[in-house]
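Next comes input.txt, a file with compact mmCIF, C-alpha atoms and all ligand atoms.
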# COMPACT_ATOMS: atom_id res chain seq x y z
CA MET A 1 47.59 -69.19 -65.48
CA LEU A 2 47.79 -73.00 -65.56
CA ALA A 3 47.87 -74.88 -62.27
CA ARG A 4 51.17 -76.63 -61.53
CA TYR A 5 49.59 -80.07 -62.01
CA ALA A 6 48.18 -79.16 -65.46
CA VAL A 7 49.76 -80.48 -68.65
CA LYS A 8 52.12 -77.82 -70.00
CA GLU A 9 53.71 -77.82 -73.42
CA SER A 10 57.12 -77.16 -71.88
CA ASP A 11 57.21 -80.60 -70.25
CA CYS A 12 55.23 -82.64 -72.74
CA ILE A 13 56.34 -85.94 -74.21
CA GLY A 14 55.10 -84.54 -77.53
CA ARG A 15 54.84 -85.93 -81.05
CA GLN A 16 56.36 -89.05 -82.56
CA TYR A 17 57.59 -87.08 -85.60
CA GLN A 18 59.15 -83.73 -84.75
CA GLU A 19 57.46 -80.75 -86.42
CA PRO A 20 58.09 -77.00 -86.23
CA CYS A 21 55.98 -75.28 -83.53
CA PRO A 22 52.77 -73.71 -84.81
CA LYS A 23 53.07 -69.93 -85.09
CA TYR A 24 49.69 -68.80 -83.77
CA ARG A 25 48.33 -71.84 -81.98
CA SER A 26 49.28 -74.01 -79.04
CA GLU A 27 50.36 -77.57 -79.80
CA PHE A 28 47.01 -78.82 -78.47
CA GLN A 29 45.08 -76.33 -80.58
CA ARG A 30 46.89 -77.86 -83.54
CA ASP A 31 45.78 -81.32 -82.37
CA ARG A 32 42.20 -80.05 -82.06
CA ASP A 33 42.33 -78.70 -85.62
CA ARG A 34 43.77 -81.94 -87.01
CA ILE A 35 41.00 -83.91 -85.31
CA ILE A 36 38.25 -81.63 -86.67
CA HIS A 37 39.71 -81.85 -90.19
CA SER A 38 39.94 -85.67 -90.09
CA SER A 39 37.54 -87.78 -92.11
CA ALA A 40 36.74 -89.90 -89.02
CA PHE A 41 35.41 -86.75 -87.32
CA ARG A 42 33.08 -85.93 -90.21
CA ARG A 43 31.71 -89.48 -90.16
CA LEU A 44 30.50 -89.00 -86.56
CA GLU A 45 27.53 -87.10 -88.00
CA TYR A 46 26.05 -90.32 -89.35
CA LYS A 47 26.87 -92.67 -86.49
CA THR A 48 24.39 -93.75 -83.83
CA GLN A 49 24.44 -92.59 -80.26
CA VAL A 50 21.38 -94.57 -79.05
CA PHE A 51 18.94 -94.04 -81.89
CA VAL A 52 19.98 -95.25 -85.34
CA HIS A 53 20.94 -92.37 -87.62
CA PRO A 54 17.75 -91.99 -89.71
CA SER A 55 15.37 -92.35 -86.72
CA GLY A 56 14.72 -88.63 -86.62
CA ASP A 57 16.60 -85.41 -87.17
CA MET A 58 16.22 -84.26 -83.58
CA PHE A 59 18.03 -87.11 -81.84
CA ARG A 60 21.66 -86.95 -80.80
CA THR A 61 24.21 -88.39 -83.14
CA ARG A 62 27.75 -89.22 -82.19
CA LEU A 63 28.79 -85.83 -83.56
CA THR A 64 26.38 -83.78 -81.44
CA HIS A 65 27.26 -86.00 -78.47
CA THR A 66 30.93 -85.19 -79.06
CA LEU A 67 30.20 -81.45 -79.10
CA GLU A 68 28.24 -81.69 -75.85
CA VAL A 69 31.09 -83.62 -74.22
CA THR A 70 33.54 -80.97 -75.38
CA GLN A 71 31.64 -78.00 -73.97
CA ILE A 72 31.29 -79.71 -70.59
CA GLY A 73 34.96 -80.69 -70.62
CA ARG A 74 36.11 -77.16 -71.42
CA THR A 75 34.02 -75.67 -68.62
CA VAL A 76 35.50 -78.05 -66.04
CA ALA A 77 39.09 -77.63 -67.34
CA ARG A 78 38.87 -73.85 -67.25
CA ALA A 79 37.39 -73.82 -63.73
CA LEU A 80 40.20 -76.07 -62.46
CA GLN A 81 42.88 -74.07 -64.33
CA VAL A 82 44.15 -77.04 -66.28
CA ASN A 83 44.87 -77.22 -70.00
CA GLU A 84 41.59 -76.39 -71.76
CA ASP A 85 43.06 -76.86 -75.27
CA LEU A 86 44.18 -80.39 -74.42
CA THR A 87 40.82 -81.23 -72.81
CA GLU A 88 39.05 -79.96 -75.91
CA ALA A 89 41.23 -82.05 -78.24
CA ILE A 90 40.67 -85.23 -76.19
CA CYS A 91 36.90 -84.66 -76.00
CA LEU A 92 36.64 -84.07 -79.75
CA ALA A 93 38.54 -87.27 -80.50
CA HIS A 94 37.13 -89.52 -77.77
CA ASP A 95 34.58 -91.35 -79.96
CA LEU A 96 36.36 -91.30 -83.35
CA GLY A 97 36.81 -95.08 -83.27
CA HIS A 98 33.20 -96.00 -82.59
CA ALA A 99 31.76 -98.60 -84.98
CA PRO A 100 28.43 -97.86 -86.70
CA PHE A 101 25.21 -98.47 -84.70
CA GLY A 102 26.57 -97.49 -81.29
CA HIS A 103 27.23 -100.15 -78.68
CA ALA A 104 25.36 -102.80 -80.66
CA GLY A 105 27.86 -102.29 -83.50
CA GLN A 106 30.82 -102.34 -81.12
CA ASP A 107 29.64 -105.60 -79.50
CA ALA A 108 29.00 -107.24 -82.87
CA LEU A 109 32.43 -106.28 -84.22
CA ASN A 110 34.08 -107.40 -80.99
CA HIS A 111 32.32 -110.76 -81.39
CA CYS A 112 33.50 -111.06 -85.02
CA MET A 113 37.08 -110.22 -84.00
CA SER A 114 37.18 -112.48 -80.93
CA ALA A 115 39.67 -114.89 -82.55
CA TYR A 116 41.93 -111.96 -83.54
CA GLY A 117 42.17 -109.93 -80.29
CA GLY A 118 38.66 -108.44 -80.27
CA PHE A 119 37.55 -104.92 -81.12
CA GLU A 120 37.78 -102.08 -78.58
CA HIS A 121 36.53 -98.70 -79.77
CA ASN A 122 38.95 -96.70 -77.59
CA LEU A 123 41.86 -98.65 -79.02
CA HIS A 124 40.44 -98.15 -82.50
CA SER A 125 40.27 -94.37 -81.89
CA LEU A 126 44.00 -94.48 -81.15
CA ARG A 127 44.62 -96.64 -84.24
CA LEU A 128 42.78 -94.07 -86.34
CA VAL A 129 44.80 -91.08 -85.16
CA ASP A 130 48.09 -93.04 -85.14
CA HIS A 131 47.81 -94.98 -88.41
CA LEU A 132 44.59 -94.95 -90.41
CA GLU A 133 43.95 -91.27 -91.07
CA THR A 134 45.72 -90.17 -94.23
CA GLY A 135 46.42 -86.76 -95.67
CA TYR A 136 49.84 -85.89 -94.24
CA HIS A 137 52.82 -86.37 -96.49
CA HIS A 138 55.44 -87.07 -93.83
CA PHE A 139 53.60 -89.54 -91.60
CA ASN A 140 50.63 -91.84 -91.27
CA GLY A 141 47.86 -90.75 -88.92
CA LEU A 142 47.65 -87.28 -87.39
CA ASN A 143 50.93 -87.30 -85.42
CA LEU A 144 49.15 -86.03 -82.30
CA MET A 145 50.82 -85.13 -79.02
CA TYR A 146 51.41 -88.04 -76.62
CA GLU A 147 49.21 -86.30 -74.04
CA THR A 148 46.25 -86.15 -76.46
CA ARG A 149 46.73 -89.81 -77.41
CA GLU A 150 46.93 -90.77 -73.72
CA GLY A 151 43.52 -89.17 -73.17
CA ILE A 152 41.97 -90.78 -76.26
CA LEU A 153 42.87 -94.23 -74.91
CA LYS A 154 40.26 -94.06 -72.15
CA HIS A 155 39.97 -97.82 -71.59
CA CYS A 156 42.12 -100.69 -72.75
CA SER A 157 42.22 -104.38 -71.87
CA LYS A 158 45.42 -105.55 -70.17
CA ARG A 159 45.98 -107.96 -73.06
CA ASN A 160 46.07 -105.12 -75.60
CA ALA A 161 47.81 -102.67 -73.23
CA LYS A 162 50.86 -104.98 -73.17
CA LYS A 163 51.31 -104.45 -76.91
CA LEU A 164 51.22 -100.65 -76.73
CA GLY A 165 54.44 -99.77 -74.90
CA LYS A 166 54.48 -96.58 -72.80
CA ILE A 167 50.93 -95.48 -73.59
CA GLY A 168 49.54 -98.81 -72.33
CA GLU A 169 51.53 -98.87 -69.06
CA ARG A 170 48.91 -97.15 -66.91
CA PHE A 171 46.39 -99.93 -67.58
CA LEU A 172 48.91 -102.50 -66.36
CA ASN A 173 49.89 -100.46 -63.27
CA ASN A 174 46.35 -99.22 -62.42
CA GLN A 175 47.46 -95.60 -62.66
CA ASN A 176 45.69 -92.47 -63.83
CA PRO A 177 46.15 -90.30 -66.90
CA SER A 178 46.42 -86.49 -66.78
CA ILE A 179 43.68 -84.43 -65.13
CA GLU A 180 42.64 -83.25 -68.61
CA ALA A 181 42.06 -86.88 -69.67
CA GLN A 182 40.13 -87.57 -66.46
CA ILE A 183 37.91 -84.55 -67.18
CA ALA A 184 37.18 -85.75 -70.73
CA ASN A 185 36.25 -89.17 -69.34
CA ILE A 186 33.64 -87.80 -66.92
CA ALA A 187 32.39 -85.15 -69.38
CA ASP A 188 31.50 -88.05 -71.69
CA GLU A 189 29.44 -89.71 -68.96
CA ILE A 190 27.67 -86.46 -67.98
CA ALA A 191 26.80 -85.71 -71.60
CA TYR A 192 25.40 -89.12 -72.52
CA THR A 193 23.47 -89.65 -69.29
CA HIS A 194 21.60 -86.37 -69.65
CA HIS A 195 21.11 -86.30 -73.40
CA ASP A 196 19.94 -89.91 -73.45
CA LEU A 197 17.41 -88.99 -70.78
CA ASP A 198 16.33 -86.04 -72.94
CA ASP A 199 16.15 -88.11 -76.14
CA GLY A 200 14.32 -90.93 -74.34
CA ILE A 201 11.61 -88.53 -73.11
CA ARG A 202 11.43 -86.97 -76.59
CA ALA A 203 10.93 -90.43 -78.08
CA ARG A 204 8.19 -91.08 -75.49
CA ILE A 205 9.99 -94.20 -74.32
CA LEU A 206 10.75 -92.52 -70.98
CA LYS A 207 8.44 -90.62 -68.64
CA PRO A 208 9.77 -88.27 -65.95
CA GLU A 209 7.90 -90.28 -63.25
CA MET A 210 10.20 -93.25 -63.96
CA PHE A 211 13.03 -91.28 -62.32
CA PHE A 212 11.26 -89.97 -59.20
CA SER A 213 13.09 -92.46 -56.99
CA VAL A 214 16.21 -90.35 -57.64
CA ASP A 215 15.89 -87.42 -55.20
CA LEU A 216 17.97 -85.05 -57.32
CA PHE A 217 15.84 -85.71 -60.39
CA LYS A 218 12.55 -85.33 -58.49
CA GLU A 219 13.66 -82.01 -56.93
CA VAL A 220 14.78 -80.63 -60.28
CA TYR A 221 11.58 -81.84 -61.98
CA GLN A 222 9.38 -80.11 -59.39
CA ILE A 223 11.28 -76.82 -59.62
CA ALA A 224 11.26 -76.92 -63.43
CA GLN A 225 7.55 -77.78 -63.53
CA LYS A 226 6.69 -74.94 -61.15
CA GLN A 227 8.66 -72.42 -63.17
CA THR A 228 7.61 -73.53 -66.64
CA GLY A 229 3.89 -73.78 -65.63
CA SER A 230 1.80 -74.71 -68.64
CA SER A 231 4.71 -74.55 -71.08
CA SER A 232 5.23 -77.46 -73.47
CA ILE A 233 6.90 -80.74 -72.51
CA ARG A 234 9.76 -79.59 -74.74
CA THR A 235 10.50 -76.64 -72.43
CA LEU A 236 10.09 -78.77 -69.32
CA ARG A 237 12.40 -81.44 -70.72
CA HIS A 238 15.05 -78.89 -71.59
CA GLU A 239 14.76 -77.19 -68.18
CA ILE A 240 15.24 -80.53 -66.41
CA LYS A 241 18.28 -81.42 -68.48
CA ARG A 242 20.04 -78.06 -68.19
CA ARG A 243 19.45 -77.84 -64.43
CA LEU A 244 20.67 -81.39 -63.84
CA ILE A 245 23.84 -80.82 -65.89
CA ASP A 246 24.51 -77.55 -64.04
CA ILE A 247 24.18 -79.23 -60.62
CA VAL A 248 26.32 -82.22 -61.58
CA VAL A 249 29.06 -80.16 -63.26
CA THR A 250 29.20 -77.71 -60.31
CA ASP A 251 29.50 -80.65 -57.90
CA LEU A 252 32.23 -82.19 -60.07
CA ILE A 253 34.29 -78.98 -60.16
CA GLU A 254 33.99 -78.30 -56.42
CA ASN A 255 34.60 -81.88 -55.29
CA SER A 256 37.54 -82.32 -57.69
CA ARG A 257 39.05 -79.04 -56.48
CA SER A 258 38.98 -80.24 -52.87
CA ARG A 259 40.45 -83.65 -53.85
CA ILE A 260 43.28 -81.87 -55.64
CA GLU A 261 43.92 -79.55 -52.67
CA HIS A 262 43.99 -82.54 -50.33
CA THR A 263 46.44 -84.52 -52.50
CA ASP A 264 48.47 -81.40 -53.37
CA PRO A 265 50.19 -82.73 -56.51
CA LYS A 266 53.23 -80.72 -57.54
CA ARG A 267 53.59 -82.02 -61.05
CA ILE A 268 51.61 -84.00 -63.59
CA ASP A 269 53.71 -87.10 -62.84
CA ASP A 270 52.52 -87.01 -59.21
CA LEU A 271 49.01 -87.39 -60.60
CA ARG A 272 49.91 -90.15 -63.02
CA GLN A 273 51.30 -92.18 -60.12
CA THR A 274 48.14 -91.95 -58.01
CA THR A 275 45.66 -94.79 -58.07
CA ASN A 276 42.66 -92.62 -57.17
CA PRO A 277 41.38 -90.19 -59.79
CA MET A 278 41.41 -86.49 -58.94
CA ILE A 279 38.28 -85.80 -60.95
CA GLY A 280 35.08 -87.09 -59.43
CA TYR A 281 31.72 -86.26 -57.86
CA SER A 282 30.89 -85.99 -54.18
CA HIS A 283 29.55 -89.21 -52.66
CA VAL A 284 25.91 -88.03 -52.77
CA THR A 285 26.05 -86.93 -56.42
CA ALA A 286 27.90 -90.10 -57.41
CA GLN A 287 25.09 -92.18 -55.85
CA GLN A 288 22.35 -90.13 -57.55
CA ASN A 289 24.15 -90.35 -60.86
CA LEU A 290 24.51 -94.10 -60.55
CA ALA A 291 20.80 -94.48 -59.75
CA LEU A 292 19.91 -92.38 -62.80
CA LYS A 293 22.12 -94.53 -65.03
CA LYS A 294 20.59 -97.75 -63.69
CA LEU A 295 17.11 -96.46 -64.52
CA LEU A 296 18.23 -95.44 -68.00
CA ASN A 297 19.62 -98.91 -68.47
CA LYS A 298 16.35 -100.49 -67.38
CA HIS A 299 13.90 -98.24 -69.21
CA LEU A 300 15.80 -96.98 -72.28
CA TYR A 301 18.80 -99.10 -73.24
CA ARG A 302 16.78 -102.31 -72.79
CA PHE A 303 13.53 -101.01 -74.29
CA HIS A 304 12.28 -103.61 -76.74
CA GLU A 305 12.46 -101.33 -79.77
CA VAL A 306 16.03 -100.34 -78.90
CA ASN A 307 16.80 -104.08 -78.51
CA ARG A 308 15.31 -104.71 -81.95
CA MET A 309 17.47 -101.98 -83.44
CA ALA A 310 20.53 -103.50 -81.74
CA PHE A 311 19.62 -106.96 -83.05
CA TRP A 312 19.16 -105.67 -86.57
CA ALA A 313 22.40 -103.64 -86.45
CA SER A 314 24.32 -106.58 -85.08
CA ARG A 315 23.09 -108.73 -87.96
CA ILE A 316 24.32 -106.20 -90.53
CA ILE A 317 27.81 -106.06 -88.99
CA LYS A 318 28.15 -109.83 -88.57
CA GLU A 319 26.91 -110.60 -92.08
CA LEU A 320 29.22 -108.04 -93.65
CA PHE A 321 32.20 -109.32 -91.66
CA SER A 322 31.55 -112.96 -92.68
CA ALA A 323 31.04 -112.04 -96.32
CA PHE A 324 34.27 -110.01 -96.50
CA MET A 325 36.28 -112.68 -94.67
CA ASP A 326 34.96 -115.47 -96.91
CA SER A 327 35.25 -113.44 -100.13
CA PRO A 328 37.82 -110.62 -99.84
CA ASP A 329 37.22 -109.86 -103.52
CA LEU A 330 33.96 -108.21 -102.41
CA LEU A 331 36.00 -105.50 -100.68
CA PRO A 332 36.91 -102.28 -102.49
CA GLU A 333 40.16 -102.63 -104.47
CA HIS A 334 42.22 -100.33 -102.22
CA ILE A 335 41.44 -102.54 -99.20
CA GLN A 336 42.12 -105.78 -101.09
CA GLN A 337 45.57 -104.44 -101.94
CA ARG A 338 46.43 -104.06 -98.22
CA ILE A 339 45.55 -107.65 -97.34
CA THR A 340 48.34 -110.19 -97.12
CA LYS A 341 47.27 -113.35 -98.92
CA HIS A 342 46.67 -116.40 -96.66
CA ASP A 343 47.09 -114.29 -93.50
CA LEU A 344 43.70 -114.48 -91.80
CA ALA A 345 44.63 -112.15 -88.95
CA SER A 346 45.69 -109.43 -91.41
CA ARG A 347 42.50 -109.95 -93.39
CA ALA A 348 40.38 -109.69 -90.24
CA GLN A 349 42.14 -106.49 -89.15
CA HIS A 350 41.53 -104.79 -92.50
CA VAL A 351 37.91 -105.97 -92.65
CA SER A 352 37.40 -104.70 -89.09
CA ASP A 353 38.99 -101.33 -89.94
CA TYR A 354 36.72 -101.04 -92.98
CA ILE A 355 33.53 -101.88 -91.08
CA ALA A 356 34.45 -99.75 -88.03
CA GLY A 357 34.92 -96.76 -90.31
CA MET A 358 31.43 -97.06 -91.80
CA THR A 359 28.62 -94.72 -90.87
CA ASP A 360 25.23 -96.28 -90.08
CA ARG A 361 23.84 -95.45 -93.50
CA TYR A 362 26.97 -96.61 -95.34
CA ALA A 363 26.82 -99.96 -93.51
CA MET A 364 23.16 -100.34 -94.55
CA LEU A 365 24.06 -99.50 -98.15
CA GLU A 366 27.00 -101.92 -98.21
CA HIS A 367 24.82 -104.66 -96.74
CA GLY A 368 22.24 -104.08 -99.48
CA LYS A 369 24.94 -104.14 -102.19
CA VAL A 370 26.49 -107.37 -100.91
CA PHE A 371 23.34 -109.34 -100.12
CA GLY A 372 21.04 -107.91 -102.77
CA PRO A 373 17.72 -106.09 -102.47
CA ASN A 374 15.77 -109.15 -101.30
CA HIS A 375 18.03 -109.51 -98.27
CA ARG A 376 18.43 -105.86 -97.66
CA SER A 377 17.84 -105.00 -94.04
CA ARG A 378 14.72 -102.92 -93.72
CA ASP A 379 14.99 -99.25 -93.02
CA PRO A 380 14.91 -98.46 -89.33
CA ASP A 381 11.36 -97.16 -89.22
CA LEU A 382 11.07 -98.18 -85.58
CA TYR A 383 10.87 -94.62 -84.42
CA SER A 384 8.78 -93.13 -87.21
CA HIS A 385 5.92 -92.56 -84.77
CA MET A 386 8.10 -90.53 -82.46
CA GLU A 387 7.66 -86.92 -83.34
CA ASP A 388 9.23 -84.05 -81.51
CA LYS A 389 6.51 -82.86 -79.14
MG MG A 401 31.25 -90.72 -75.89
Exercise: express the given structure as structure tokens:
Amino acid sequence: MLARYAVKESDCIGRQYQEPCPKYRSEFQRDRDRIIHSSAFRRLEYKTQVFVHPSGDMFRTRLTHTLEVTQIGRTVARALQVNEDLTEAICLAHDLGHAPFGHAGQDALNHCMSAYGGFEHNLHSLRLVDHLETGYHHFNGLNLMYETREGILKHCSKRNAKKLGKIGERFLNNQNPSIEAQIANIADEIAYTHHDLDDGIRARILKPEMFFSVDLFKEVYQIAQKQTGSSSIRTLRHEIKRRLIDIVVTDLIENSRSRIEHTDPKRIDDLRQTTNPMIGYSHVTAQQNLALKKLLNKHLYRFHEVNRMAFWASRIIKELFSAFMDSPDLLPEHIQQRITKHDLASRAQHVSDYIAGMTDRYAMLEHGKVFGPNHRSRDPDLYSHMEDK
């Protein structure tokens, strides 16, 4: 039932190390299972999305974000008759390489690694599934299908793309990945925009009125308010979020379908050679979505308490990185053994891998152990007043 432009196992590039076909699963179901069983996947539970892990049990973590991305991705893939198993695998793996403390952690690690090629979380996700995950006797990493790896590498700088061979070529030629990878990319954006809005209102940083300049939001708010009547803010908030996601996802499916019909790709390679993505919103929804994101940026991502959290998180990462670079003997033995003596670039790469793999709470613990209790960064009690109302 797959469309002719979908990724099909029969014409896949496949795995680096040949393996017998799975008996009861598709190749992409096997990738999905390997991703779920990886240690990097389990660590997503304790990594920040916007709010630092211990801020409150109700806020999204990178794990719940990943699950929301995956359910949106699967819905779109199924509606467009492309490979749902592949979309699911890409969505589940898309944030595996995120450093602790969300974007603040990523920026701090990128700053620390600036003399050694920087740190890009998409590239680190690929590094994890290609090299760093252990547990398979015959190979390092998870030996995933090329098509899954292509989707995991959502962004990549041209400088790093040049070092990656075939998988980096599309960033040098401004070409697109498979439709399944394009779906995972937009599913990520839909999930974080709407759950950050939801979490921001829950945290009482955001108020619905802040978004009334966005027509779509105002319309949805008024309908939801009328229907929920005197129900709690929790119900209203949920009604707004679910209605917005439904409208945006429906628009995405219908607009993408007409783009595909207009382009009429015969094979997946026709898609890879296009410069315009097949998956995208209509012009009106794209504009509304952009306006919503700008307001989130203004009112949530730059809120002073979120800035303080980012400042504090950045300090933890930078101090740990400096300490481990100056004194590698502070690192756990198994990491010290991997470092080539007198090779600073190798040392930096292993320190970066170690820090990127940390959860928020593990990074806080390590910081306390290295710098002692008097220098221990305080617990993130910034949101302790924010109860779930
Ligand atoms: Mg994401």
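Across the model, the gap from CA of Ile152 in chain A to CA of Pro265 in chain A is 22.9 Å.
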* To do: List the neighbours of range 193-210 of chain A out to 9 Å using only C-alpha atoms; skip same-chain residues closer than 5 positions along the sequence, and give me the result as a VMD selection string.
  => chain A and resid 49 to 51 58 to 60 65 68 188 217 to 218 221 233 to 234 237 to 238 240 to 242 244 to 245 289 292 to 293 295 to 296 299 to 300 303 383 385 to 389
* Atomic distance CA of His304 in chain A - CA of Ala104 in chain A, expressed in Å with one decimal ->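 Going from CA of His304 in chain A over to CA of Ala104 in chain A covers 13.7 Å.
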* To do: Could I get the residue neighbourhood of ligand MG 401 (chain A) at 12 Å, counting only C-alpha atoms and all ligand atoms, as JSON, numbers by chain?
  => {"A": [44, 47, 48, 49, 50, 60, 61, 62, 63, 64, 65, 66, 67, 68, 69, 70, 73, 90, 91, 92, 93, 94, 95, 96, 97, 98, 102, 103, 121, 122, 125, 152, 154, 184, 185, 186, 187, 188, 189, 190, 191, 192, 193, 195, 196]}
* Asked: Smallest atom-to-atom distance to Gly118 in chain A: which of A:Met358, A:Ile72, A:Met278, A:Ala345, using all atoms listed in the file?
  ->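 Nearest candidate to Gly118 in chain A out of A:Met358, A:Ile72, A:Met278, A:Ala345: A:Ala345.
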* Give me the residues within 12 Å of Leu80 in chain A as number ranges by chain, counting all atoms listed in the file and dropping any in the same chain fewer than 6 places off. => A: 1-6, 73-74, 87, 179-180, 183, 249-250, 252-261, 278-279
* Using all atoms listed in the file, find the one residue out of A:Asp269, A:Asp107, A:Glu366, A:Asp31 that sits nearest to Val129 in chain A. =>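 Residue with the minimum atom-to-atom distance to Val129 in chain A: A:Asp31.
Between Ile247 in chain A and the residues A:Lys226, A:Val284, A:Ser26, A:Leu271, the shortest atom-to-atom distance, using all atoms listed in the file, involves A:Val284.
Residue nearest Ile355 in chain A, chosen from A:His137, A:Arg302, A:Lys369, A:Lys318 and counting all atoms listed in the file: A:Lys318.
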